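*Asks:* What follows is target_26.cif; its format and atoms are mmCIF, C-alpha atoms and all ligand atoms.
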```cif
data_run
loop_
_atom_site.label_atom_id
_atom_site.label_comp_id
_atom_site.auth_asym_id
_atom_site.auth_seq_id
_atom_site.Cartn_x
_atom_site.Cartn_y
_atom_site.Cartn_z
CA MET A 1017 -7.88 -20.52 -32.89
CA ILE A 1018 -9.69 -17.19 -32.79
CA ASP A 1019 -7.67 -14.06 -33.49
CA THR A 1020 -7.25 -12.47 -30.07
CA ARG A 1021 -6.93 -8.91 -31.37
CA MET A 1022 -10.43 -7.66 -30.74
CA ASP A 1023 -10.33 -5.20 -33.63
CA ALA A 1024 -9.73 -8.08 -36.07
CA PHE A 1025 -12.48 -10.24 -34.68
CA SER A 1026 -15.79 -10.95 -36.43
CA PRO A 1027 -18.48 -13.45 -35.38
CA LEU A 1028 -19.06 -14.46 -39.01
CA ARG A 1029 -16.90 -15.47 -41.94
CA TRP A 1030 -17.28 -16.77 -45.46
CA ARG A 1031 -15.33 -19.95 -46.15
CA ASP A 1032 -15.14 -21.38 -49.71
CA ASP A 1033 -18.84 -21.84 -50.40
CA HIS A 1034 -20.60 -21.33 -47.10
CA LEU A 1035 -21.17 -19.04 -44.11
CA GLN A 1036 -19.61 -19.80 -40.74
CA LEU A 1037 -21.08 -18.31 -37.57
CA LEU A 1038 -19.57 -18.38 -34.10
CA ASP A 1039 -22.29 -20.07 -32.04
CA GLN A 1040 -23.07 -17.43 -29.40
CA THR A 1041 -25.48 -19.72 -27.53
CA VAL A 1042 -22.54 -21.67 -26.10
CA LEU A 1043 -20.14 -18.79 -25.35
CA PRO A 1044 -18.18 -18.03 -23.24
CA HIS A 1045 -17.09 -21.56 -22.44
CA THR A 1046 -17.19 -23.15 -25.88
CA GLU A 1047 -16.08 -21.62 -29.18
CA THR A 1048 -17.82 -23.49 -32.01
CA TRP A 1049 -18.22 -22.29 -35.59
CA LEU A 1050 -21.50 -23.36 -37.22
CA GLU A 1051 -21.24 -24.25 -40.91
CA CYS A 1052 -24.28 -22.86 -42.72
CA ARG A 1053 -24.63 -24.40 -46.17
CA THR A 1054 -28.38 -23.89 -46.53
CA PRO A 1055 -30.58 -20.83 -45.98
CA GLU A 1056 -32.55 -22.86 -43.42
CA LEU A 1057 -29.43 -23.19 -41.28
CA VAL A 1058 -28.76 -19.45 -41.51
CA ALA A 1059 -32.38 -18.67 -40.57
CA ASP A 1060 -32.27 -21.13 -37.71
CA ALA A 1061 -29.02 -19.63 -36.38
CA ILE A 1062 -30.62 -16.17 -36.39
CA ARG A 1063 -33.80 -17.41 -34.67
CA ARG A 1064 -31.88 -19.32 -31.98
CA LEU A 1065 -29.55 -16.34 -31.35
CA SER A 1066 -26.45 -18.25 -32.45
CA VAL A 1067 -25.87 -15.00 -34.28
CA ARG A 1068 -27.56 -11.97 -32.77
CA GLY A 1069 -27.30 -8.21 -32.47
CA ALA A 1070 -28.93 -6.05 -35.15
CA PRO A 1071 -25.93 -5.40 -37.46
CA ALA A 1072 -24.67 -9.01 -37.23
CA ILE A 1073 -28.14 -10.27 -38.13
CA GLY A 1074 -28.17 -7.94 -41.17
CA VAL A 1075 -24.75 -9.05 -42.43
CA SER A 1076 -25.58 -12.73 -41.81
CA ALA A 1077 -28.79 -12.36 -43.79
CA ALA A 1078 -26.79 -10.84 -46.67
CA PHE A 1079 -24.60 -13.96 -46.75
CA GLY A 1080 -27.75 -16.06 -46.26
CA LEU A 1081 -29.01 -14.78 -49.63
CA VAL A 1082 -25.78 -16.04 -51.22
CA VAL A 1083 -26.15 -19.43 -49.54
CA GLY A 1084 -29.71 -19.59 -50.86
CA MET A 1085 -28.52 -19.13 -54.45
CA THR A 1086 -25.93 -21.91 -54.26
CA GLY A 1087 -26.77 -24.53 -56.88
CA ALA A 1088 -29.65 -22.49 -58.33
CA ASP A 1089 -30.14 -22.70 -62.11
CA ASP A 1090 -31.54 -20.03 -64.38
CA GLU A 1091 -35.03 -21.58 -64.28
CA ASP A 1092 -35.43 -21.54 -60.51
CA CYS A 1093 -33.34 -18.41 -59.89
CA ALA A 1094 -36.32 -16.13 -59.13
CA ALA A 1095 -38.10 -18.68 -56.92
CA ARG A 1096 -34.93 -19.51 -55.00
CA PHE A 1097 -34.18 -15.85 -54.36
CA ASP A 1098 -37.73 -15.06 -53.21
CA ASP A 1099 -37.99 -18.13 -50.98
CA THR A 1100 -34.64 -17.37 -49.33
CA TRP A 1101 -35.57 -13.72 -48.91
CA GLN A 1102 -38.90 -14.56 -47.25
CA LEU A 1103 -37.35 -17.21 -45.01
CA LEU A 1104 -34.70 -14.82 -43.70
CA ALA A 1105 -37.10 -11.87 -43.40
CA GLY A 1106 -39.31 -13.93 -41.07
CA THR A 1107 -36.63 -14.73 -38.51
CA ARG A 1108 -36.60 -11.77 -36.11
CA PRO A 1109 -38.95 -8.78 -36.27
CA THR A 1110 -37.32 -5.96 -34.30
CA ALA A 1111 -33.76 -5.59 -35.65
CA VAL A 1112 -34.29 -3.38 -38.68
CA ASN A 1113 -30.83 -4.13 -40.09
CA LEU A 1114 -32.29 -7.46 -41.21
CA ARG A 1115 -34.85 -5.87 -43.49
CA TRP A 1116 -32.38 -3.15 -44.50
CA ALA A 1117 -29.81 -5.71 -45.68
CA LEU A 1118 -32.41 -7.84 -47.43
CA GLU A 1119 -33.76 -4.85 -49.32
CA LEU A 1120 -30.26 -3.92 -50.48
CA GLY A 1121 -29.78 -7.56 -51.50
CA ARG A 1122 -32.94 -7.41 -53.60
CA GLU A 1123 -31.53 -4.40 -55.46
CA VAL A 1124 -28.39 -6.42 -56.27
CA TYR A 1125 -30.57 -9.31 -57.44
CA GLU A 1126 -32.69 -7.06 -59.66
CA ARG A 1127 -29.60 -5.59 -61.29
CA HIS A 1128 -28.16 -9.01 -62.19
CA ARG A 1129 -31.15 -11.33 -62.65
CA ALA A 1130 -31.06 -11.04 -66.46
CA GLU A 1131 -27.52 -12.48 -66.42
CA GLY A 1132 -28.66 -15.73 -64.79
CA ALA A 1133 -28.36 -17.51 -61.45
CA ALA A 1134 -24.57 -17.86 -61.36
CA ALA A 1135 -24.07 -14.15 -62.02
CA VAL A 1136 -26.62 -13.26 -59.34
CA ARG A 1137 -24.81 -15.40 -56.78
CA THR A 1138 -21.40 -13.93 -57.69
CA ALA A 1139 -22.77 -10.37 -57.41
CA LEU A 1140 -24.50 -11.12 -54.09
CA LEU A 1141 -21.32 -12.58 -52.62
CA ALA A 1142 -19.23 -9.54 -53.61
CA TRP A 1143 -21.91 -7.25 -52.16
CA ALA A 1144 -22.23 -9.21 -48.89
CA GLN A 1145 -18.47 -9.07 -48.39
CA GLU A 1146 -18.48 -5.32 -49.00
CA LEU A 1147 -21.42 -4.88 -46.60
CA HIS A 1148 -19.51 -6.80 -43.94
CA ALA A 1149 -16.39 -4.64 -44.37
CA ALA A 1150 -18.48 -1.46 -44.44
CA ASP A 1151 -20.16 -2.40 -41.14
CA ILE A 1152 -16.80 -2.76 -39.41
CA GLU A 1153 -15.67 0.57 -40.86
CA SER A 1154 -18.90 2.25 -39.67
CA ASN A 1155 -18.35 0.93 -36.17
CA ARG A 1156 -14.80 2.21 -36.03
CA ARG A 1157 -15.97 5.68 -37.07
CA LEU A 1158 -18.84 5.55 -34.60
CA GLY A 1159 -16.49 4.42 -31.83
CA ASP A 1160 -14.22 7.37 -32.41
CA TYR A 1161 -17.09 9.87 -32.45
CA GLY A 1162 -18.34 8.36 -29.20
CA ALA A 1163 -14.98 8.55 -27.47
CA GLU A 1164 -15.15 12.36 -27.79
CA LEU A 1165 -18.06 12.30 -25.32
CA PHE A 1166 -16.01 10.56 -22.60
CA GLU A 1167 -13.69 12.04 -19.99
CA ALA A 1168 -10.72 10.49 -18.24
CA GLY A 1169 -11.79 8.27 -15.38
CA ASN A 1170 -15.34 7.65 -16.64
CA ARG A 1171 -17.18 4.57 -15.42
CA VAL A 1172 -19.64 3.48 -18.10
CA LEU A 1173 -22.60 1.13 -17.83
CA THR A 1174 -23.73 -1.02 -20.76
CA HIS A 1175 -26.59 -3.46 -21.26
CA CYS A 1176 -26.85 -6.63 -23.33
CA ASN A 1177 -24.06 -7.06 -25.87
CA ALA A 1178 -23.45 -4.47 -28.57
CA GLY A 1179 -19.88 -5.48 -29.31
CA ALA A 1180 -17.98 -7.22 -32.08
CA LEU A 1181 -20.19 -10.27 -31.53
CA ALA A 1182 -23.31 -8.24 -32.31
CA THR A 1183 -21.95 -6.65 -35.49
CA GLY A 1184 -19.71 -7.38 -38.47
CA GLY A 1185 -16.89 -6.51 -36.06
CA TYR A 1186 -15.65 -3.90 -33.55
CA GLY A 1187 -19.10 -3.23 -32.10
CA THR A 1188 -21.32 -0.20 -31.55
CA ALA A 1189 -21.66 0.49 -27.80
CA ILE A 1190 -18.55 -1.60 -27.16
CA GLY A 1191 -16.90 0.10 -30.13
CA VAL A 1192 -17.39 3.38 -28.22
CA ILE A 1193 -16.04 1.71 -25.08
CA GLN A 1194 -13.00 0.37 -26.96
CA SER A 1195 -12.22 3.73 -28.55
CA SER A 1196 -12.67 5.54 -25.21
CA TRP A 1197 -10.37 3.05 -23.52
CA ALA A 1198 -7.75 3.50 -26.26
CA ALA A 1199 -8.04 7.29 -25.84
CA GLY A 1200 -7.45 7.03 -22.07
CA ARG A 1201 -10.95 8.27 -21.25
CA LEU A 1202 -12.35 5.23 -19.48
CA ALA A 1203 -11.74 3.73 -16.04
CA MET A 1204 -14.03 0.71 -16.14
CA VAL A 1205 -17.27 -0.79 -17.44
CA TRP A 1206 -20.33 -1.90 -15.46
CA VAL A 1207 -21.79 -4.88 -17.33
CA ASP A 1208 -25.48 -5.70 -16.81
CA GLU A 1209 -25.98 -9.45 -16.86
CA THR A 1210 -29.09 -8.98 -19.11
CA ARG A 1211 -31.74 -11.51 -18.24
CA PRO A 1212 -33.13 -13.74 -19.58
CA LEU A 1213 -30.40 -14.86 -22.00
CA LEU A 1214 -27.47 -13.21 -20.23
CA GLN A 1215 -25.82 -11.56 -23.23
CA GLY A 1216 -24.01 -9.22 -20.81
CA ALA A 1217 -22.77 -11.93 -18.46
CA ARG A 1218 -21.76 -14.34 -21.23
CA LEU A 1219 -20.77 -12.17 -24.19
CA THR A 1220 -19.87 -8.63 -23.13
CA THR A 1221 -17.60 -9.98 -20.40
CA TRP A 1222 -16.00 -12.34 -22.95
CA GLU A 1223 -15.24 -9.39 -25.23
CA LEU A 1224 -13.95 -7.14 -22.46
CA GLU A 1225 -11.68 -9.92 -21.21
CA ARG A 1226 -10.17 -10.25 -24.66
CA ALA A 1227 -9.70 -6.48 -24.92
CA ALA A 1228 -8.26 -6.31 -21.39
CA ILE A 1229 -10.71 -3.55 -20.42
CA PRO A 1230 -11.56 -3.53 -16.67
CA TYR A 1231 -15.20 -4.36 -15.90
CA ARG A 1232 -17.51 -5.61 -13.19
CA LEU A 1233 -20.53 -7.77 -13.85
CA VAL A 1234 -23.71 -6.74 -12.02
CA THR A 1235 -27.29 -8.00 -11.88
CA ASP A 1236 -29.74 -5.95 -13.92
CA ASN A 1237 -31.48 -4.76 -10.76
CA SER A 1238 -28.27 -3.13 -9.47
CA VAL A 1239 -28.46 -0.14 -11.81
CA GLY A 1240 -30.53 2.14 -9.55
CA SER A 1241 -28.27 1.50 -6.60
CA LEU A 1242 -25.09 2.07 -8.62
CA MET A 1243 -26.39 5.37 -9.95
CA SER A 1244 -27.69 6.61 -6.61
CA ARG A 1245 -24.24 5.97 -5.13
CA GLY A 1246 -22.59 8.03 -7.89
CA LEU A 1247 -20.78 5.07 -9.42
CA VAL A 1248 -21.91 5.52 -13.04
CA ASP A 1249 -20.74 8.45 -15.21
CA ARG A 1250 -22.07 7.38 -18.62
CA VAL A 1251 -24.47 4.82 -20.12
CA VAL A 1252 -23.92 3.54 -23.64
CA VAL A 1253 -26.16 0.93 -25.26
CA GLY A 1254 -26.83 -0.35 -28.77
CA ALA A 1255 -30.10 -0.33 -30.70
CA ASP A 1256 -32.22 -2.74 -32.69
CA ARG A 1257 -34.28 -0.06 -34.35
CA ILE A 1258 -34.43 3.71 -34.02
CA ALA A 1259 -37.59 5.46 -35.17
CA ALA A 1260 -37.59 8.70 -37.16
CA ASN A 1261 -38.18 10.72 -33.97
CA GLY A 1262 -35.29 9.03 -32.10
CA ASP A 1263 -37.35 6.59 -29.99
CA THR A 1264 -35.10 3.55 -29.66
CA ALA A 1265 -35.87 -0.16 -29.35
CA ASN A 1266 -33.15 -2.15 -27.63
CA LYS A 1267 -32.83 -5.16 -25.32
CA ILE A 1268 -35.49 -5.36 -22.62
CA GLY A 1269 -34.33 -3.39 -19.59
CA THR A 1270 -32.83 -0.52 -21.58
CA TYR A 1271 -35.81 1.74 -20.89
CA THR A 1272 -35.49 1.15 -17.14
CA ILE A 1273 -31.84 2.22 -17.30
CA ALA A 1274 -32.74 5.35 -19.28
CA VAL A 1275 -35.33 6.38 -16.67
CA LEU A 1276 -32.78 5.88 -13.90
CA ALA A 1277 -30.11 7.78 -15.85
CA ASP A 1278 -32.51 10.69 -16.26
CA ARG A 1279 -33.30 10.67 -12.53
CA HIS A 1280 -29.57 10.69 -11.65
CA ASP A 1281 -28.34 13.08 -14.39
CA VAL A 1282 -26.19 10.41 -16.02
CA PRO A 1283 -25.74 10.95 -19.80
CA PHE A 1284 -27.52 8.17 -21.72
CA TYR A 1285 -26.06 7.42 -25.16
CA VAL A 1286 -27.34 5.12 -27.90
CA ALA A 1287 -24.66 3.92 -30.33
CA ALA A 1288 -25.83 2.67 -33.73
CA PRO A 1289 -25.02 3.04 -37.42
CA LEU A 1290 -27.50 4.80 -39.72
CA SER A 1291 -28.55 1.34 -40.95
CA THR A 1292 -30.34 0.88 -37.60
CA ILE A 1293 -32.48 4.00 -38.12
CA ASP A 1294 -35.85 3.18 -39.64
CA ARG A 1295 -37.40 6.36 -40.96
CA GLN A 1296 -40.51 4.42 -41.93
CA SER A 1297 -41.29 4.01 -38.21
CA ALA A 1298 -42.44 7.49 -37.23
CA THR A 1299 -42.21 6.77 -33.49
CA GLY A 1300 -41.36 3.86 -31.21
CA ALA A 1301 -45.04 2.84 -31.21
CA ALA A 1302 -44.58 1.56 -34.78
CA ILE A 1303 -41.65 -0.72 -33.90
CA PRO A 1304 -42.59 -4.43 -33.73
CA ILE A 1305 -41.42 -5.97 -30.46
CA GLU A 1306 -40.34 -9.59 -30.59
CA GLU A 1307 -41.96 -11.88 -28.03
CA ARG A 1308 -39.96 -15.03 -27.39
CA ALA A 1309 -40.75 -18.33 -25.71
CA GLY A 1310 -41.66 -18.20 -22.02
CA GLU A 1311 -39.17 -21.00 -21.34
CA GLU A 1312 -36.35 -18.48 -21.72
CA VAL A 1313 -37.70 -16.88 -18.52
CA THR A 1314 -38.84 -19.94 -16.59
CA HIS A 1315 -35.63 -21.85 -17.29
CA VAL A 1316 -32.00 -20.87 -16.80
CA PHE A 1317 -29.72 -22.99 -18.97
CA GLY A 1318 -32.28 -25.77 -19.06
CA VAL A 1319 -32.95 -25.69 -15.29
CA ASP A 1320 -36.56 -24.98 -14.37
CA VAL A 1321 -36.54 -22.14 -11.83
CA ALA A 1322 -40.32 -21.57 -11.68
CA PRO A 1323 -43.20 -23.88 -10.80
CA GLU A 1324 -43.95 -26.26 -13.64
CA GLY A 1325 -46.14 -24.59 -16.24
CA ALA A 1326 -45.70 -21.09 -14.77
CA PRO A 1327 -46.96 -18.56 -17.35
CA ALA A 1328 -44.25 -16.11 -18.41
CA ALA A 1329 -44.06 -13.03 -20.65
CA ASN A 1330 -40.86 -12.63 -22.62
CA PHE A 1331 -40.70 -9.36 -24.55
CA ALA A 1332 -37.20 -9.27 -26.01
CA PHE A 1333 -37.01 -5.48 -26.44
CA ASP A 1334 -38.38 -2.25 -25.01
CA VAL A 1335 -38.58 1.29 -26.36
CA THR A 1336 -36.76 4.20 -24.82
CA PRO A 1337 -38.43 7.51 -25.72
CA ALA A 1338 -36.22 10.05 -27.50
CA GLU A 1339 -36.59 12.55 -24.64
CA LEU A 1340 -34.49 10.26 -22.39
CA ILE A 1341 -31.62 9.98 -24.89
CA THR A 1342 -28.74 12.42 -24.49
CA ALA A 1343 -27.39 11.70 -27.98
CA ILE A 1344 -27.25 9.02 -30.66
CA ILE A 1345 -23.69 8.18 -31.67
CA THR A 1346 -23.70 7.18 -35.35
CA ASP A 1347 -21.20 6.49 -38.11
CA VAL A 1348 -21.74 10.01 -39.46
CA GLY A 1349 -21.38 11.79 -36.14
CA VAL A 1350 -23.13 12.45 -32.84
CA LEU A 1351 -26.83 13.30 -33.24
CA LYS A 1352 -28.10 15.61 -30.52
CA PRO A 1353 -31.65 16.64 -29.61
CA PRO A 1354 -33.97 17.49 -31.18
CA LEU A 1355 -33.34 13.97 -32.51
CA ALA A 1356 -36.05 14.05 -35.19
CA GLN A 1357 -34.28 17.00 -36.77
CA SER A 1358 -30.73 15.69 -36.43
CA ILE A 1359 -31.78 12.29 -37.85
CA THR A 1360 -33.21 14.01 -40.92
CA GLN A 1361 -30.01 16.02 -41.32
CA ALA A 1362 -27.84 12.90 -40.97
CA PHE A 1363 -29.64 11.22 -43.87
CA ASP A 1364 -29.35 14.34 -45.98
CA THR A 1365 -25.55 14.36 -45.58
CA PRO A 1366 -24.09 12.12 -48.31
CA SER A 1367 -21.12 10.93 -46.24
CA THR A 1368 -21.68 7.19 -45.84
CA SER A 1369 -20.54 4.52 -48.25
CA ILE A 1370 -23.18 1.81 -48.06
CA PRO A 1371 -22.54 -0.79 -50.77
CA VAL A 1372 -25.55 -1.40 -53.05
O1 LIG A 1401 -31.67 -10.35 -28.71
P1 LIG A 1401 -30.35 -9.82 -29.13
O2 LIG A 1401 -29.20 -10.43 -28.39
O3 LIG A 1401 -30.16 -9.91 -30.63
O4 LIG A 1401 -30.39 -8.29 -28.75
C1 LIG A 1401 -29.29 -7.48 -29.08
C2 LIG A 1401 -29.43 -6.08 -28.62
O5 LIG A 1401 -30.40 -5.69 -28.02
C3 LIG A 1401 -28.32 -5.14 -29.00
O6 LIG A 1401 -28.18 -4.13 -28.06
C4 LIG A 1401 -28.63 -4.48 -30.37
O7 LIG A 1401 -28.99 -5.44 -31.32
C5 LIG A 1401 -27.48 -3.70 -30.87
S1 LIG A 1401 -26.13 -4.72 -31.37
C6 LIG A 1401 -24.91 -3.73 -31.94
#
```
Once you've parsed the file, please lay out its structure as structure tokens.

*Replies:*
Amino acid sequence: MIDTRMDAFSPLRWRDDHLQLLDQTVLPHTETWLECRTPELVADAIRRLSVRGAPAIGVSAAFGLVVGMTGADDEDCAARFDDTWQLLAGTRPTAVNLRWALELGREVYERHRAEGAAAVRTALLAWAQELHAADIESNRRLGDYGAELFEAGNRVLTHCNAGALATGGYGTAIGVIQSSWAAGRLAMVWVDETRPLLQGARLTTWELERAAIPYRLVTDNSVGSLMSRGLVDRVVVGADRIAANGDTANKIGTYTIAVLADRHDVPFYVAAPLSTIDRQSATGAAIPIEERAGEEVTHVFGVDVAPEGAPAANFAFDVTPAELITAIITDVGVLKPPLAQSITQAFDTPSTSIPV
């Protein structure tokens, strides 16, 4: 039975010698934990979106490195680590937390490789567990910073799922929503269904039900109408990768919402930990955008809704330019425009505790 206190909930857990992931492809109606005992299973779970959301992908990959070292001996230690690293790195291109976690994992490996395979695995496990705990802590801090931007009675719109399911726990955009609700600054949440894979309809609703936060599910194409009728006071979304200038890649459809928010003077907030900021991407143009199978568009839960063989384009993410973002809510505080400058300052402030 899953712990029903949302703040204690995480979509991933380490059990004895393997990683367990809550299979998000079958939520909300079925709660199944996948047992990942090989790196291939972890990689497959990430590719299939059994685990998804940038921070959750990063933490899962950290545990994936541990899984990859299980049973390794001193002779094949280096090859096993490199093969696992490459396998996981190739799963999803946009969420930068994946690469971020893998690079931290490589530092742990380099520090312990001389001690042999068993020592490497022990060190990686301790680090992955710390990374998981640190992610939850970051989200709690971020949630509380975000709640300061809300006022009693606010109706907030969110897109996709940036909740506990998308992170180590607590959530980013939904972390802000949870903290605002707890502070008495939220009336209700508009939940975009988020085509094609319906993360809003299936996952965000599931989380809000469990947290007993009032919401209404809407089709993605309702946003303009809701805003023009004055029914949205705030937008808060997550991020898969934020460039050095503040341009933000997030689930396809986010950019459309940002344009509408600008048109209707609705504050548009991005909520993400510093681990989602990629200072090596100067602008959004440098962010790789994942393109997924056309079947995700032509089929809904296995049912063909388009003529057979209809060509489809399925870009999983879009980029919202920094100029449309009111602020980025991070684990070290709220970053306001000019975002390029406030991002630089945030990294210069030694206030985070990222385990390496
Ligand atoms: O394709 P997904 O479901 O992994 O996309 C997830 C999102 O776009 C989230 O908004 C983002 O990763 C932030 S999760 C805290």

*Asks:* Using only C-alpha atoms and all ligand atoms, what are the residues with an atom within 6 Å of ligand LIG 1401 (chain A), set out as a list in words?

*Replies:*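 Protein and nucleic-acid residues within 6 Å of ligand LIG 1401 (chain A): Arg1068, Gly1069, Ala1070, Pro1071, Cys1176, Asn1177, Ala1178, Gly1179, Ala1182, Thr1183, Gly1187, Thr1188, Gly1254, Ala1255, Asp1256, Asn1266 and Lys1267 of chain A.
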
*Asks:* For segment 1346-1351 of chain A, list every protein, DNA or RNA residue within 6 Å, evaluated using only C-alpha atoms, and leave out those in the same chain fewer than 4 positions away; present the list as a list in words.

*Replies:* Ser1154, Arg1157, Leu1158, Tyr1161, Ala1288, Pro1289 and Ser1358 of chain A

*Asks:* At what distance in Å, to one decimal, does atom CA of Ala1144 of chain A lie from atom CA of Gly1121 of chain A?

*Replies:*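 Atom-to-atom, atom CA of Gly1121 of chain A to atom CA of Ala1144 of chain A, that is 8.2 Å.
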
*Asks:* Given 8 Å on each side, where is the centre and what are the edge lengths in Å to one decimal of the axis-aligned box enclosing the listed atoms of segment 1033-1044 of chain A, as lines of an AutoDock Vina configuration file?

*Replies:*
```
center_x = -21.8
center_y = -19.6
center_z = -36.8
size_x = 23.3
size_y = 20.4
size_z = 43.2
```

*Asks:* Calculate how many Å separate atom CA of Ala1189 of chain A from atom CA of Met1204 of chain A, rounding to one decimal.

*Replies:*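 These atoms are spaced 13.9 Å apart.
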
*Asks:* Report, in Å to a single decimal, how far apart atom CA of Arg1257 of chain A and atom CA of Ala1277 of chain A are.

*Replies:* 20.5 Å

*Asks:* So which residues touch Trp1222 of chain A within 7 Å, counting all atoms listed in the file, skipping near sequence neighbours fewer than 4 positions away, as a list in words?

*Replies:*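 Within the cut-off, the hits are Pro1044, Arg1218 and Arg1226 of chain A.
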
*Asks:* Please, could you write that set of residues out with C-alpha atoms as a PDB file, in the frame of the given file?

*Replies:*
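So the final result, stored in out00.pdb, reads:
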```
ATOM      1  CA  PRO A1044     -18.180 -18.030 -23.240  1.00  0.00           C
ATOM      2  CA  ARG A1218     -21.760 -14.340 -21.230  1.00  0.00           C
ATOM      3  CA  ARG A1226     -10.170 -10.250 -24.660  1.00  0.00           C
TER       4      ARG A1226
END
```

*Asks:* Would you mind telling me which residue in A:Ala1135, A:Leu1173, A:Val1275, A:Ile1344 lies nearest to Gly1087 of chain A when using only C-alpha atoms?

*Replies:* A:Ala1135

*Asks:* With distances taken over all atoms listed in the file, which of A:Leu1118, A:Val1082, A:Ala1111, A:Val1192 is nearest to Leu1141 of chain A?

*Replies:*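 Smallest separation from Leu1141 of chain A among the options: A:Val1082.
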
*Asks:* Find the residues around Ala1105 of chain A up to 7 Å (only C-alpha atoms counted), leave out those fewer than 2 positions away in its own chain, and share them as a ChimeraX atom specification.

*Replies:* /A:1101-1103,1107,1114-1115

*Asks:* As a short mmCIF file (atom, residue, chain, number, x, y, z; two decimals), in the frame of the given file, could you write out segment 1161-1176 of chain A once it has been completed with N, CA and C atoms?

*Replies:*
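And here's part_39.cif as it stands now:
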```cif
data_model
loop_
_atom_site.label_atom_id
_atom_site.label_comp_id
_atom_site.auth_asym_id
_atom_site.auth_seq_id
_atom_site.Cartn_x
_atom_site.Cartn_y
_atom_site.Cartn_z
N TYR A 1161 -16.20 8.74 -32.78
CA TYR A 1161 -17.09 9.87 -32.45
C TYR A 1161 -17.52 9.78 -30.98
N GLY A 1162 -17.85 8.56 -30.57
CA GLY A 1162 -18.34 8.36 -29.20
C GLY A 1162 -17.30 8.67 -28.15
N ALA A 1163 -16.06 8.33 -28.45
CA ALA A 1163 -14.98 8.55 -27.47
C ALA A 1163 -14.83 10.04 -27.11
N GLU A 1164 -15.22 10.91 -28.04
CA GLU A 1164 -15.15 12.36 -27.79
C GLU A 1164 -16.08 12.78 -26.64
N LEU A 1165 -17.07 11.95 -26.36
CA LEU A 1165 -18.06 12.30 -25.32
C LEU A 1165 -17.63 11.82 -23.94
N PHE A 1166 -16.48 11.13 -23.86
CA PHE A 1166 -16.01 10.56 -22.60
C PHE A 1166 -14.90 11.42 -22.02
N GLU A 1167 -14.76 11.32 -20.69
CA GLU A 1167 -13.69 12.04 -19.99
C GLU A 1167 -12.87 11.06 -19.17
N ALA A 1168 -11.61 11.40 -18.98
CA ALA A 1168 -10.72 10.49 -18.24
C ALA A 1168 -11.37 10.06 -16.93
N GLY A 1169 -11.27 8.78 -16.65
CA GLY A 1169 -11.79 8.27 -15.38
C GLY A 1169 -13.23 7.84 -15.42
N ASN A 1170 -13.90 7.99 -16.58
CA ASN A 1170 -15.34 7.65 -16.64
C ASN A 1170 -15.59 6.16 -16.38
N ARG A 1171 -16.69 5.93 -15.64
CA ARG A 1171 -17.18 4.57 -15.42
C ARG A 1171 -18.49 4.47 -16.21
N VAL A 1172 -18.50 3.57 -17.18
CA VAL A 1172 -19.64 3.48 -18.10
C VAL A 1172 -20.42 2.20 -17.83
N LEU A 1173 -21.75 2.31 -17.96
CA LEU A 1173 -22.60 1.13 -17.83
C LEU A 1173 -23.15 0.74 -19.21
N THR A 1174 -23.13 -0.56 -19.50
CA THR A 1174 -23.73 -1.02 -20.76
C THR A 1174 -24.64 -2.21 -20.49
N HIS A 1175 -25.56 -2.43 -21.42
CA HIS A 1175 -26.59 -3.46 -21.26
C HIS A 1175 -26.55 -4.38 -22.47
N CYS A 1176 -26.85 -5.65 -22.26
CA CYS A 1176 -26.85 -6.63 -23.33
C CYS A 1176 -25.45 -6.74 -23.93
#
```
